[in-house]
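I have placed the structure first, in the form of structure tokens, so that the comments after it can refer back to it.
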Amino acid sequence: MAASLTLHWSPKSPYVRKVMVCAHELGIVPRLDLVRSVAAMLKPNPAIMAVNPLSKIPTLVREDGSALFDSVVICEYLDTLAGGSLFPAEGEARWQALRWHAFGDGLLDALILWRNEREREAPLEALIAAFDLKTRASLRQLDDEAQALNETALSIGHIAIGCALGYLDYRFDTLGWRAAAPRLAEWVDETRSRASFKNTEPVDG
Ligand SMILES: N[C@@H](CCC(=O)N[C@@H](CS)C(=O)NCC(=O)O)C(=O)O
């Protein structure tokens with residue numbers, strides 16, 4: 001029996017979702033022991049901090065007690081462990097996958113900061129406007145890349161962008177992003193019909 005891995009996990013975190021989509025695609029979900037962990041910027045969690053001083057999820061604890069973070073590292077670790085090909089080994093396919101990974105994560109980073117800001121008592125309007133501008137520009141760019149996403153084998157890049165767009169649907173449903181990026185919306189709906197995405201839809205509570 002292969003060693004189990006403990007994942008500090010939440011059903012709402014889009015970065016955790018990225019890890020879980022990888023685990024489903026790689027067929028290694030049974031090796032993960034999911035521990036529901038609350039990570040909030042204003043409330044560092046001692047249980048997470050015992051293994052990751054940054055108090056963030058996802059954090060993966062291996063059998064020898066050593067922890068891996070962040071999601072970028074965990075996804076590549078799982079891919080290596082399972083002998084997968086979510087991280088193409090070389091050539092242009094590798095740079096494309098890593099660029100899309102960074103693009104999806106970067107979009108997520110902006111959306112999370114945007115959400116934090118808009119929930120403050122007196123949001124800084126200039127900051128909100130900047131997040132709005134960058135998000136719309138990212139969606140336009142990704143819409144132009146929808147065909148390339150469609151024609152390329154599933155990689156960590158597709159998964160990251162799929163999770164970022166899932167977060168938009170979950171937390172920014174009033175943005176109307178689908179009308180602004182219809183080709184991207186079509187691509188993501190197809191991608192999110194995969195079992196790995198269906199099994200990891202964010203849930204409240
Ligand atoms: N770059 C990190 C970001 C992870 C992250 O920010 N996770 C959020 C939950 S969605 C978190 O743990 N926030 C708590 C905090 O920032 O203190 C990754 O890719 O894993």
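Scheme for the structure tokens: letters A, B, ... for chains in order shown; per-chain residue numbers from 1; ligand numbers from 1 in order shown.
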
- Could you give me, as a ChimeraX atom specification, each residue of range 58-200 of chain A that DSSP assigns to strand (DSSP E or B) when run on this structure's backbone? /A:59-61,67-68

Using only C-alpha atoms and all ligand atoms, I'd like a table of the residues in chain A that come within 8 Å of ligand 1; for each, show the closest atom pair and its distance in Å rounded to one decimal, ordered by chain and ascending number, as a tab-separated table.
```
residue	atom	partner	partner_atom_place_in_ligand_line	distance
A:Lys12	CA	ligand 1	10 (S)	7.2
A:Ser13	CA	ligand 1	10 (S)	4.0
A:Pro14	CA	ligand 1	10 (S)	5.7
A:Tyr15	CA	ligand 1	20 (O)	5.4
A:Val16	CA	ligand 1	10 (S)	7.1
A:Val38	CA	ligand 1	12 (O)	7.8
A:Ala39	CA	ligand 1	14 (C)	4.3
A:Ala40	CA	ligand 1	14 (C)	4.2
A:Met41	CA	ligand 1	17 (O)	3.5
A:Leu42	CA	ligand 1	17 (O)	6.8
A:Lys43	CA	ligand 1	17 (O)	7.1
A:Pro44	CA	ligand 1	17 (O)	6.1
A:Leu54	CA	ligand 1	17 (O)	6.7
A:Ser55	CA	ligand 1	17 (O)	5.4
A:Lys56	CA	ligand 1	12 (O)	3.1
A:Ile57	CA	ligand 1	12 (O)	4.0
A:Pro58	CA	ligand 1	20 (O)	5.4
A:Thr59	CA	ligand 1	20 (O)	7.5
A:Phe69	CA	ligand 1	20 (O)	6.4
A:Asp70	CA	ligand 1	20 (O)	3.8
A:Ser71	CA	ligand 1	20 (O)	3.7
A:Val72	CA	ligand 1	19 (O)	5.6
A:Asp105	CA	ligand 1	19 (O)	6.9
A:Asp109	CA	ligand 1	3 (C)	7.4
A:Ile112	CA	ligand 1	10 (S)	7.7
```

Using 12 Å as the limit and counting only C-alpha atoms, can you tabulate each residue of range 44-138 of chain A that touches range 181-203 of chain A, with its shortest atom-to-atom distance in Å and the two atoms involved, as a Markdown table?
```
| residue | atom | partner | partner_atom | distance |
| --- | --- | --- | --- | --- |
| A:Thr135 | CA | A:Ala181 | CA | 11.4 |
| A:Arg136 | CA | A:Ala181 | CA | 9.1 |
| A:Ala137 | CA | A:Ala181 | CA | 10.3 |
| A:Ser138 | CA | A:Ala181 | CA | 9.9 |
```

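Shortest separation to Met49 in chain A among A:Ala67, A:Arg62, A:Ala164, A:Cys22 occurs at residue A:Ala67, atoms counted being only C-alpha atoms.
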
- Message: Using only C-alpha atoms, can you tell me which of A:Ala153, A:Leu168, A:Ala129, A:Leu60 comes closest to Val35 in chain A?
- Response: A:Leu60

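With only C-alpha atoms as the atoms that count, the residue of A:Gln141, A:Asn116, A:Gln147, A:Thr152 with the shortest distance to Arg171 in chain A is A:Asn116.
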
Write out as a PDB file with C-alpha atoms, in the first residue's frame which residues come within 12 Å of Ile28 in chain A when counting only C-alpha atoms, dropping same-chain ones fewer than 3 positions away.
```
ATOM      1  CA  ALA A   2       1.473   3.351  -1.062  1.00  0.00           C
ATOM      2  CA  ALA A   3       2.074   5.976   1.611  1.00  0.00           C
ATOM      3  CA  SER A   4      -0.750   8.413   2.202  1.00  0.00           C
ATOM      4  CA  LEU A   5      -0.457  12.158   1.947  1.00  0.00           C
ATOM      5  CA  VAL A  19      -4.621  20.369  -6.652  1.00  0.00           C
ATOM      6  CA  MET A  20      -7.739  18.198  -6.408  1.00  0.00           C
ATOM      7  CA  VAL A  21      -8.451  18.418 -10.152  1.00  0.00           C
ATOM      8  CA  CYS A  22      -4.872  17.222 -10.744  1.00  0.00           C
ATOM      9  CA  ALA A  23      -5.332  14.394  -8.224  1.00  0.00           C
ATOM     10  CA  HIS A  24      -8.550  13.272  -9.967  1.00  0.00           C
ATOM     11  CA  GLU A  25      -6.932  13.441 -13.398  1.00  0.00           C
ATOM     12  CA  ARG A  31      -3.860   8.475  -1.519  1.00  0.00           C
ATOM     13  CA  LEU A  32      -4.936  11.841  -0.150  1.00  0.00           C
ATOM     14  CA  ASP A  33      -6.117  12.243   3.390  1.00  0.00           C
ATOM     15  CA  CYS A  75       0.566  19.905  -8.437  1.00  0.00           C
ATOM     16  CA  TYR A  77       4.790  16.771  -7.098  1.00  0.00           C
ATOM     17  CA  LEU A  78       1.549  14.811  -7.645  1.00  0.00           C
ATOM     18  CA  ASP A  79       2.163  14.706 -11.398  1.00  0.00           C
ATOM     19  CA  THR A  80       5.663  13.297 -10.818  1.00  0.00           C
ATOM     20  CA  LEU A  81       4.408  10.810  -8.224  1.00  0.00           C
ATOM     21  CA  ALA A  82       1.756   9.474 -10.590  1.00  0.00           C
ATOM     22  CA  GLY A  83       3.948   9.553 -13.687  1.00  0.00           C
ATOM     23  CA  GLY A  84       1.519  11.987 -15.317  1.00  0.00           C
ATOM     24  CA  SER A 196     -12.242  16.012 -12.218  1.00  0.00           C
TER      25      SER A 196
END
```

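Coordinates place CA of Ile128 in chain A at a distance of 18.3 Å from CA of Tyr170 in chain A.
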
- Task: Would you mind telling me which residue in A:Arg140, A:Arg120, A:Lys134, A:Arg94 lies nearest to Leu154 in chain A when using only C-alpha atoms?
- Result: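 Among the listed residues, the smallest separation from Leu154 in chain A belongs to A:Arg94.
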
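Distance annotation: of A:Arg118, A:Arg36, A:Arg17, A:His8, the residue with the minimal separation from Ile161 in chain A is A:Arg17; atom set is only C-alpha atoms.
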
- Task: Have a look at CA of Glu76 in chain A and CA of Pro11 in chain A and let me know their distance in Å, one decimal.
- Result: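 About the pair CA of Glu76 in chain A and CA of Pro11 in chain A: they are 20.6 Å apart.
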
DSSP says alpha helix (DSSP H) for which residues of range 64-176 of chain A? Put them as a compact mmCIF listing (two decimals) with N, CA, C and O atoms, in the first residue's frame?
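Writing done, so here's states-v3.txt:
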```
# COMPACT_ATOMS: atom_id res chain seq x y z
N SER A 71 0.42 25.57 -4.14
CA SER A 71 -0.28 24.69 -5.09
C SER A 71 0.57 24.37 -6.32
O SER A 71 0.48 23.29 -6.88
N VAL A 72 1.41 25.32 -6.72
CA VAL A 72 2.26 25.11 -7.90
C VAL A 72 3.17 23.91 -7.68
O VAL A 72 3.31 23.03 -8.53
N VAL A 73 3.77 23.87 -6.49
CA VAL A 73 4.71 22.80 -6.16
C VAL A 73 3.96 21.48 -5.95
O VAL A 73 4.38 20.42 -6.43
N ILE A 74 2.83 21.56 -5.25
CA ILE A 74 2.06 20.33 -4.95
C ILE A 74 1.58 19.67 -6.25
O ILE A 74 1.68 18.45 -6.42
N CYS A 75 1.09 20.48 -7.17
CA CYS A 75 0.57 19.91 -8.44
C CYS A 75 1.70 19.18 -9.18
O CYS A 75 1.50 18.08 -9.69
N GLU A 76 2.86 19.79 -9.23
CA GLU A 76 3.96 19.13 -9.96
C GLU A 76 4.42 17.88 -9.22
O GLU A 76 4.76 16.86 -9.84
N TYR A 77 4.41 17.95 -7.89
CA TYR A 77 4.79 16.77 -7.10
C TYR A 77 3.83 15.61 -7.40
O TYR A 77 4.27 14.47 -7.66
N LEU A 78 2.53 15.88 -7.39
CA LEU A 78 1.55 14.81 -7.64
C LEU A 78 1.73 14.24 -9.06
O LEU A 78 1.63 13.04 -9.28
N ASP A 79 1.98 15.15 -10.00
CA ASP A 79 2.16 14.71 -11.40
C ASP A 79 3.37 13.77 -11.49
O ASP A 79 3.32 12.73 -12.15
N THR A 80 4.44 14.13 -10.81
CA THR A 80 5.66 13.30 -10.82
C THR A 80 5.40 11.95 -10.14
O THR A 80 5.77 10.90 -10.66
N LEU A 81 4.71 12.02 -9.00
CA LEU A 81 4.41 10.81 -8.22
C LEU A 81 3.61 9.81 -9.06
O LEU A 81 3.84 8.60 -9.01
N ALA A 82 2.65 10.35 -9.83
CA ALA A 82 1.76 9.47 -10.59
C ALA A 82 2.28 9.19 -12.00
O ALA A 82 1.63 8.47 -12.76
N GLY A 91 10.17 21.44 -24.51
CA GLY A 91 9.69 22.08 -25.74
C GLY A 91 8.67 23.17 -25.48
O GLY A 91 8.43 23.58 -24.34
N GLU A 92 8.08 23.64 -26.58
CA GLU A 92 7.12 24.74 -26.50
C GLU A 92 5.91 24.35 -25.65
O GLU A 92 5.32 25.20 -24.95
N ALA A 93 5.54 23.06 -25.69
CA ALA A 93 4.38 22.61 -24.90
C ALA A 93 4.59 22.92 -23.42
O ALA A 93 3.64 23.29 -22.71
N ARG A 94 5.84 22.79 -22.96
CA ARG A 94 6.12 23.07 -21.54
C ARG A 94 5.91 24.56 -21.22
O ARG A 94 5.25 24.91 -20.26
N TRP A 95 6.47 25.44 -22.09
CA TRP A 95 6.35 26.88 -21.80
C TRP A 95 4.90 27.33 -21.90
O TRP A 95 4.46 28.19 -21.13
N GLN A 96 4.19 26.75 -22.84
CA GLN A 96 2.77 27.11 -22.98
C GLN A 96 1.99 26.70 -21.73
O GLN A 96 1.20 27.48 -21.19
N ALA A 97 2.24 25.48 -21.25
CA ALA A 97 1.52 25.00 -20.06
C ALA A 97 1.88 25.84 -18.83
O ALA A 97 1.00 26.22 -18.04
N LEU A 98 3.18 26.16 -18.69
CA LEU A 98 3.59 26.94 -17.51
C LEU A 98 3.06 28.37 -17.59
O LEU A 98 2.69 28.97 -16.58
N ARG A 99 3.03 28.90 -18.81
CA ARG A 99 2.50 30.27 -18.96
C ARG A 99 1.01 30.30 -18.61
O ARG A 99 0.54 31.16 -17.89
N TRP A 100 0.26 29.31 -19.12
CA TRP A 100 -1.18 29.28 -18.79
C TRP A 100 -1.38 29.04 -17.29
O TRP A 100 -2.30 29.58 -16.69
N HIS A 101 -0.49 28.24 -16.70
CA HIS A 101 -0.58 28.02 -15.25
C HIS A 101 -0.42 29.36 -14.52
O HIS A 101 -1.21 29.73 -13.65
N ALA A 102 0.62 30.10 -14.90
CA ALA A 102 0.88 31.40 -14.26
C ALA A 102 -0.26 32.38 -14.54
O ALA A 102 -0.64 33.18 -13.67
N PHE A 103 -0.83 32.29 -15.74
CA PHE A 103 -1.93 33.19 -16.11
C PHE A 103 -3.16 32.89 -15.23
O PHE A 103 -3.77 33.80 -14.63
N GLY A 104 -3.50 31.62 -15.12
CA GLY A 104 -4.66 31.24 -14.29
C GLY A 104 -4.45 31.62 -12.84
O GLY A 104 -5.32 32.21 -12.20
N ASP A 105 -3.27 31.33 -12.31
CA ASP A 105 -2.98 31.66 -10.91
C ASP A 105 -2.95 33.17 -10.69
O ASP A 105 -3.41 33.68 -9.67
N GLY A 106 -2.38 33.89 -11.66
CA GLY A 106 -2.29 35.35 -11.54
C GLY A 106 -3.68 35.98 -11.54
O GLY A 106 -3.97 36.91 -10.77
N LEU A 107 -4.55 35.43 -12.38
CA LEU A 107 -5.93 35.93 -12.41
C LEU A 107 -6.59 35.65 -11.06
O LEU A 107 -7.25 36.53 -10.48
N LEU A 108 -6.38 34.46 -10.55
CA LEU A 108 -6.94 34.11 -9.23
C LEU A 108 -6.42 35.03 -8.13
O LEU A 108 -7.20 35.49 -7.28
N ASP A 109 -5.12 35.29 -8.14
CA ASP A 109 -4.53 36.18 -7.13
C ASP A 109 -5.24 37.54 -7.15
O ASP A 109 -5.60 38.09 -6.11
N ALA A 110 -5.45 38.06 -8.37
CA ALA A 110 -6.10 39.37 -8.49
C ALA A 110 -7.55 39.30 -7.99
O ALA A 110 -8.02 40.20 -7.29
N LEU A 111 -8.25 38.22 -8.33
CA LEU A 111 -9.66 38.10 -7.93
C LEU A 111 -9.80 38.00 -6.42
O LEU A 111 -10.72 38.57 -5.82
N ILE A 112 -8.85 37.30 -5.79
CA ILE A 112 -8.95 37.15 -4.33
C ILE A 112 -8.67 38.48 -3.63
O ILE A 112 -9.37 38.88 -2.70
N LEU A 113 -7.68 39.21 -4.14
CA LEU A 113 -7.41 40.54 -3.56
C LEU A 113 -8.59 41.48 -3.81
O LEU A 113 -8.96 42.29 -2.95
N TRP A 114 -9.17 41.37 -4.99
CA TRP A 114 -10.34 42.19 -5.34
C TRP A 114 -11.49 41.90 -4.36
O TRP A 114 -12.10 42.81 -3.81
N ARG A 115 -11.74 40.62 -4.14
CA ARG A 115 -12.84 40.26 -3.23
C ARG A 115 -12.56 40.78 -1.82
O ARG A 115 -13.45 41.31 -1.16
N ASN A 116 -11.31 40.64 -1.36
CA ASN A 116 -10.98 41.17 -0.02
C ASN A 116 -11.25 42.66 0.05
O ASN A 116 -11.81 43.17 1.01
N GLU A 117 -10.83 43.37 -1.00
CA GLU A 117 -10.97 44.82 -1.00
C GLU A 117 -12.45 45.24 -1.01
O GLU A 117 -12.86 46.11 -0.27
N ARG A 118 -13.24 44.57 -1.84
CA ARG A 118 -14.65 45.00 -1.97
C ARG A 118 -15.43 44.70 -0.69
O ARG A 118 -16.48 45.27 -0.46
N GLU A 125 -11.47 52.69 -4.19
CA GLU A 125 -12.08 52.59 -5.53
C GLU A 125 -11.05 52.44 -6.65
O GLU A 125 -11.27 51.73 -7.62
N ALA A 126 -9.90 53.10 -6.49
CA ALA A 126 -8.87 53.03 -7.53
C ALA A 126 -8.35 51.59 -7.66
O ALA A 126 -8.03 51.11 -8.75
N LEU A 127 -8.29 50.90 -6.51
CA LEU A 127 -7.80 49.51 -6.51
C LEU A 127 -8.84 48.60 -7.16
O LEU A 127 -8.51 47.74 -7.99
N ILE A 128 -10.10 48.81 -6.83
CA ILE A 128 -11.19 48.03 -7.43
C ILE A 128 -11.18 48.23 -8.95
O ILE A 128 -11.29 47.26 -9.72
N ALA A 129 -11.01 49.48 -9.37
CA ALA A 129 -11.00 49.78 -10.81
C ALA A 129 -9.83 49.08 -11.50
O ALA A 129 -9.95 48.58 -12.62
N ALA A 130 -8.68 49.02 -10.82
CA ALA A 130 -7.50 48.36 -11.41
C ALA A 130 -7.73 46.86 -11.54
O ALA A 130 -7.38 46.26 -12.57
N PHE A 131 -8.34 46.24 -10.52
CA PHE A 131 -8.63 44.80 -10.61
C PHE A 131 -9.62 44.52 -11.74
O PHE A 131 -9.49 43.56 -12.48
N ASP A 132 -10.61 45.39 -11.84
CA ASP A 132 -11.62 45.24 -12.88
C ASP A 132 -10.97 45.32 -14.27
O ASP A 132 -11.21 44.47 -15.14
N LEU A 133 -10.11 46.32 -14.43
CA LEU A 133 -9.42 46.52 -15.72
C LEU A 133 -8.57 45.31 -16.08
O LEU A 133 -8.62 44.78 -17.21
N LYS A 134 -7.77 44.82 -15.10
CA LYS A 134 -6.87 43.69 -15.37
C LYS A 134 -7.65 42.42 -15.64
O LYS A 134 -7.26 41.60 -16.49
N THR A 135 -8.74 42.24 -14.92
CA THR A 135 -9.54 41.02 -15.12
C THR A 135 -10.15 41.02 -16.52
O THR A 135 -10.10 40.02 -17.24
N ARG A 136 -10.72 42.16 -16.91
CA ARG A 136 -11.34 42.22 -18.25
C ARG A 136 -10.30 42.04 -19.36
O ARG A 136 -10.55 41.37 -20.35
N ALA A 137 -9.12 42.62 -19.16
CA ALA A 137 -8.06 42.45 -20.17
C ALA A 137 -7.61 40.99 -20.23
O ALA A 137 -7.37 40.45 -21.32
N SER A 138 -7.52 40.34 -19.08
CA SER A 138 -7.13 38.92 -19.05
C SER A 138 -8.17 38.07 -19.77
O SER A 138 -7.82 37.15 -20.53
N LEU A 139 -9.43 38.37 -19.54
CA LEU A 139 -10.49 37.59 -20.19
C LEU A 139 -10.46 37.78 -21.71
O LEU A 139 -10.62 36.81 -22.46
N ARG A 140 -10.20 39.00 -22.15
CA ARG A 140 -10.09 39.25 -23.61
C ARG A 140 -8.94 38.44 -24.19
O ARG A 140 -9.06 37.80 -25.23
N GLN A 141 -7.80 38.48 -23.48
CA GLN A 141 -6.62 37.75 -23.96
C GLN A 141 -6.90 36.24 -24.00
O GLN A 141 -6.59 35.56 -24.98
N LEU A 142 -7.50 35.73 -22.93
CA LEU A 142 -7.77 34.29 -22.88
C LEU A 142 -8.83 33.90 -23.91
O LEU A 142 -8.78 32.79 -24.47
N ASP A 143 -9.75 34.81 -24.19
CA ASP A 143 -10.75 34.52 -25.23
C ASP A 143 -10.05 34.33 -26.58
O ASP A 143 -10.41 33.44 -27.35
N ASP A 144 -9.02 35.15 -26.82
CA ASP A 144 -8.25 35.01 -28.07
C ASP A 144 -7.47 33.69 -28.09
O ASP A 144 -7.07 33.23 -29.15
N ALA A 146 -8.62 30.84 -26.76
CA ALA A 146 -9.53 29.71 -26.51
C ALA A 146 -9.28 28.57 -27.49
O ALA A 146 -9.30 27.39 -27.11
N GLN A 147 -9.03 28.93 -28.75
CA GLN A 147 -8.82 27.86 -29.74
C GLN A 147 -7.54 27.08 -29.41
O GLN A 147 -7.52 25.84 -29.50
N ALA A 148 -6.50 27.79 -29.02
CA ALA A 148 -5.24 27.11 -28.65
C ALA A 148 -5.46 26.21 -27.44
O ALA A 148 -4.95 25.08 -27.38
N LEU A 149 -6.23 26.69 -26.47
CA LEU A 149 -6.54 25.85 -25.30
C LEU A 149 -7.26 24.58 -25.73
O LEU A 149 -6.98 23.48 -25.26
N ASN A 150 -8.18 24.77 -26.66
CA ASN A 150 -8.99 23.66 -27.16
C ASN A 150 -8.16 22.61 -27.89
O ASN A 150 -8.45 21.41 -27.80
N GLU A 151 -7.15 23.09 -28.59
CA GLU A 151 -6.38 22.18 -29.46
C GLU A 151 -5.19 21.54 -28.75
O GLU A 151 -4.44 20.78 -29.35
N ILE A 156 -1.50 21.39 -16.80
CA ILE A 156 -1.69 22.19 -15.59
C ILE A 156 -2.21 23.59 -15.95
O ILE A 156 -2.93 24.22 -15.17
N GLY A 157 -1.87 24.07 -17.14
CA GLY A 157 -2.34 25.39 -17.57
C GLY A 157 -3.85 25.41 -17.75
O GLY A 157 -4.54 26.33 -17.30
N HIS A 158 -4.38 24.38 -18.41
CA HIS A 158 -5.83 24.29 -18.59
C HIS A 158 -6.54 24.21 -17.24
O HIS A 158 -7.58 24.83 -17.03
N ILE A 159 -5.93 23.45 -16.33
CA ILE A 159 -6.56 23.25 -15.02
C ILE A 159 -6.58 24.56 -14.24
O ILE A 159 -7.59 24.93 -13.64
N ALA A 160 -5.47 25.30 -14.27
CA ALA A 160 -5.40 26.57 -13.54
C ALA A 160 -6.41 27.58 -14.09
O ALA A 160 -7.11 28.25 -13.33
N ILE A 161 -6.50 27.67 -15.41
CA ILE A 161 -7.43 28.62 -16.01
C ILE A 161 -8.88 28.18 -15.72
O ILE A 161 -9.74 28.99 -15.38
N GLY A 162 -9.13 26.87 -15.80
CA GLY A 162 -10.46 26.35 -15.48
C GLY A 162 -10.86 26.69 -14.05
O GLY A 162 -12.00 27.08 -13.79
N CYS A 163 -9.91 26.60 -13.12
CA CYS A 163 -10.22 26.90 -11.71
C CYS A 163 -10.43 28.41 -11.51
O CYS A 163 -11.30 28.82 -10.73
N ALA A 164 -9.65 29.23 -12.21
CA ALA A 164 -9.84 30.68 -12.09
C ALA A 164 -11.22 31.09 -12.61
O ALA A 164 -11.92 31.89 -11.99
N LEU A 165 -11.62 30.50 -13.74
CA LEU A 165 -12.93 30.85 -14.30
C LEU A 165 -14.05 30.29 -13.41
O LEU A 165 -15.11 30.91 -13.27
N GLY A 166 -13.80 29.15 -12.78
CA GLY A 166 -14.76 28.61 -11.82
C GLY A 166 -14.94 29.55 -10.64
O GLY A 166 -16.04 29.74 -10.14
N TYR A 167 -13.84 30.17 -10.22
CA TYR A 167 -13.91 31.13 -9.11
C TYR A 167 -14.70 32.38 -9.53
O TYR A 167 -15.46 32.94 -8.74
N LEU A 168 -14.53 32.78 -10.78
CA LEU A 168 -15.32 33.92 -11.29
C LEU A 168 -16.81 33.60 -11.21
O LEU A 168 -17.61 34.43 -10.79
N ASP A 169 -17.17 32.39 -11.64
CA ASP A 169 -18.58 32.00 -11.57
C ASP A 169 -19.08 31.96 -10.13
O ASP A 169 -20.22 32.31 -9.84
N TYR A 170 -18.20 31.53 -9.22
CA TYR A 170 -18.58 31.32 -7.82
C TYR A 170 -18.69 32.64 -7.05
O TYR A 170 -19.65 32.85 -6.30
N ARG A 171 -17.72 33.52 -7.24
CA ARG A 171 -17.67 34.74 -6.41
C ARG A 171 -17.94 36.04 -7.17
O ARG A 171 -18.10 37.08 -6.56
```

- Can you work out which one of A:Glu145, A:Asn45, A:Leu26, A:Val51 has the shortest atom-to-atom distance to Thr6 in chain A, counting only C-alpha atoms?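 Checking each of A:Glu145, A:Asn45, A:Leu26, A:Val51 against Thr6 in chain A, counting only C-alpha atoms, the winner is A:Val51.
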